[in-house]
Amino acid sequence: MNQTMVLFLQTPGQFPRASGDLPLSAPVYGYIPIIIFFLVAVTVPLALLGVSRLLQRRVFERQKLLPYECGIDPIGDARDRFSVRFYMVAMLFLVFDVETVFLFPWAVIYDKLAIFGLAEMLVFIGILVVGYYYAWCKGAFEWA
């Protein structure tokens, strides 16, 4: 094993003191649970897909080949145009969902941030409130 590979496989804090002084212990053993977890995470879905493939019913009737739409026969073309409102609602959802993603880590370490963290989060929420007000004034929340 070359020296670069040994450096990558070392646990944190075990760095060689000199260029030729590499530890002979096996820090790779710390990665065995991760490797086992990865192998299980890959093997179980593949095994279940293989078993379902072996046990599936292979008879395709006319009803089976029809497109399914809530039990009702499909009407019209699947490539119809949607209103822009659908996309506006989706974008607003993403914006406020990302806000939640940023609020959670801040709330976890709030006591360490003190007043600076509070001021920073108030500025962040203020910007989002301005965006919310703008969307409200433009009628993005009205579903007519």
# chains A, B, ... in the order shown; residues from 1 in each chain; ligands from 1
>>> residues_around(residues="Ala107 (chain A)", least_positions_apart="4", cutoff="10 Å", atoms="only C-alpha atoms", output="list in words")
Phe102, Leu103, Asp111, Leu113, Gly117, Leu118 and Met121 of chain A
>>> residues_around(residues="region 77-92 of chain A", least_positions_apart="5", cutoff="9 Å", atoms="only C-alpha atoms", output="PyMOL selection string")
chain A and resi 97+132+135+140-143
>>> atom_distance(atom1="CA of Gly131 (chain A)", atom2="CA of Val95 (chain A)")
9.5 Å
>>> atom_distance(atom1="CA of Val98 (chain A)", atom2="CA of Val130 (chain A)")
15.7 Å
>>> select_by_dssp(residues="region 48-142 of chain A", states="alpha helix (DSSP H)", output="VMD selection string")
chain A and resid 48 to 55 62 to 65 84 to 108 110 to 137
>>> write_last_selection(atoms="C-alpha atoms", output="PDB file, in the first residue's frame")
ATOM      1  CA  LEU A  48     -36.049  -7.748  -3.093  1.00  0.00           C
ATOM      2  CA  LEU A  49     -36.273  -6.550  -6.693  1.00  0.00           C
ATOM      3  CA  GLY A  50     -34.927  -9.904  -7.891  1.00  0.00           C
ATOM      4  CA  VAL A  51     -37.423 -11.859  -5.805  1.00  0.00           C
ATOM      5  CA  SER A  52     -40.326  -9.721  -7.000  1.00  0.00           C
ATOM      6  CA  ARG A  53     -39.129 -10.189 -10.575  1.00  0.00           C
ATOM      7  CA  LEU A  54     -39.214 -13.968 -10.114  1.00  0.00           C
ATOM      8  CA  LEU A  55     -42.661 -13.966  -8.485  1.00  0.00           C
ATOM      9  CA  ARG A  62     -56.052  -5.251 -22.136  1.00  0.00           C
ATOM     10  CA  GLN A  63     -57.075  -3.583 -18.847  1.00  0.00           C
ATOM     11  CA  LYS A  64     -53.520  -3.853 -17.512  1.00  0.00           C
ATOM     12  CA  LEU A  65     -52.092  -1.979 -20.494  1.00  0.00           C
ATOM     13  CA  VAL A  84     -48.783  29.490 -14.355  1.00  0.00           C
ATOM     14  CA  ARG A  85     -50.413  29.420 -10.892  1.00  0.00           C
ATOM     15  CA  PHE A  86     -49.289  25.817 -10.414  1.00  0.00           C
ATOM     16  CA  TYR A  87     -45.679  26.858 -10.906  1.00  0.00           C
ATOM     17  CA  MET A  88     -46.061  29.926  -8.705  1.00  0.00           C
ATOM     18  CA  VAL A  89     -47.388  27.812  -5.852  1.00  0.00           C
ATOM     19  CA  ALA A  90     -44.550  25.332  -6.343  1.00  0.00           C
ATOM     20  CA  MET A  91     -41.933  28.101  -6.262  1.00  0.00           C
ATOM     21  CA  LEU A  92     -43.455  29.685  -3.160  1.00  0.00           C
ATOM     22  CA  PHE A  93     -43.484  26.295  -1.473  1.00  0.00           C
ATOM     23  CA  LEU A  94     -39.800  25.829  -2.273  1.00  0.00           C
ATOM     24  CA  VAL A  95     -38.899  29.281  -0.960  1.00  0.00           C
ATOM     25  CA  PHE A  96     -40.625  28.756   2.369  1.00  0.00           C
ATOM     26  CA  ASP A  97     -39.410  25.172   2.600  1.00  0.00           C
ATOM     27  CA  VAL A  98     -35.835  26.390   2.223  1.00  0.00           C
ATOM     28  CA  GLU A  99     -36.572  28.929   4.949  1.00  0.00           C
ATOM     29  CA  THR A 100     -37.418  26.063   7.296  1.00  0.00           C
ATOM     30  CA  VAL A 101     -34.227  24.263   6.334  1.00  0.00           C
ATOM     31  CA  PHE A 102     -32.221  27.348   7.339  1.00  0.00           C
ATOM     32  CA  LEU A 103     -34.181  27.944  10.541  1.00  0.00           C
ATOM     33  CA  PHE A 104     -33.624  24.477  12.011  1.00  0.00           C
ATOM     34  CA  PRO A 105     -29.788  24.572  12.329  1.00  0.00           C
ATOM     35  CA  TRP A 106     -30.026  28.119  13.668  1.00  0.00           C
ATOM     36  CA  ALA A 107     -32.468  26.981  16.348  1.00  0.00           C
ATOM     37  CA  VAL A 108     -30.174  24.107  17.339  1.00  0.00           C
ATOM     38  CA  TYR A 110     -29.138  29.482  19.077  1.00  0.00           C
ATOM     39  CA  ASP A 111     -27.562  29.657  22.547  1.00  0.00           C
ATOM     40  CA  LYS A 112     -24.048  29.764  21.039  1.00  0.00           C
ATOM     41  CA  LEU A 113     -24.885  32.546  18.572  1.00  0.00           C
ATOM     42  CA  ALA A 114     -26.291  34.950  21.174  1.00  0.00           C
ATOM     43  CA  ILE A 115     -27.413  38.404  20.004  1.00  0.00           C
ATOM     44  CA  PHE A 116     -25.480  38.220  16.721  1.00  0.00           C
ATOM     45  CA  GLY A 117     -27.385  35.090  15.700  1.00  0.00           C
ATOM     46  CA  LEU A 118     -30.695  36.643  16.680  1.00  0.00           C
ATOM     47  CA  ALA A 119     -29.997  39.790  14.635  1.00  0.00           C
ATOM     48  CA  GLU A 120     -28.849  37.727  11.670  1.00  0.00           C
ATOM     49  CA  MET A 121     -31.979  35.584  11.747  1.00  0.00           C
ATOM     50  CA  LEU A 122     -34.224  38.642  12.094  1.00  0.00           C
ATOM     51  CA  VAL A 123     -32.644  40.069   8.927  1.00  0.00           C
ATOM     52  CA  PHE A 124     -33.181  36.721   7.151  1.00  0.00           C
ATOM     53  CA  ILE A 125     -36.829  36.495   8.243  1.00  0.00           C
ATOM     54  CA  GLY A 126     -37.322  40.180   7.350  1.00  0.00           C
ATOM     55  CA  ILE A 127     -36.151  39.517   3.782  1.00  0.00           C
ATOM     56  CA  LEU A 128     -38.532  36.563   3.564  1.00  0.00           C
ATOM     57  CA  VAL A 129     -41.428  38.644   4.897  1.00  0.00           C
ATOM     58  CA  VAL A 130     -40.743  41.280   2.232  1.00  0.00           C
ATOM     59  CA  GLY A 131     -40.826  38.524  -0.413  1.00  0.00           C
ATOM     60  CA  TYR A 132     -44.028  37.126   1.087  1.00  0.00           C
ATOM     61  CA  TYR A 133     -45.642  40.570   1.029  1.00  0.00           C
ATOM     62  CA  TYR A 134     -44.565  41.087  -2.596  1.00  0.00           C
ATOM     63  CA  ALA A 135     -46.057  37.728  -3.620  1.00  0.00           C
ATOM     64  CA  TRP A 136     -49.250  38.574  -1.733  1.00  0.00           C
ATOM     65  CA  CYS A 137     -49.557  41.954  -3.479  1.00  0.00           C
TER      66      CYS A 137
END
>>> atom_distance(atom1="CA of Ala41 (chain A)", atom2="CA of Gln56 (chain A)")
23.0 Å
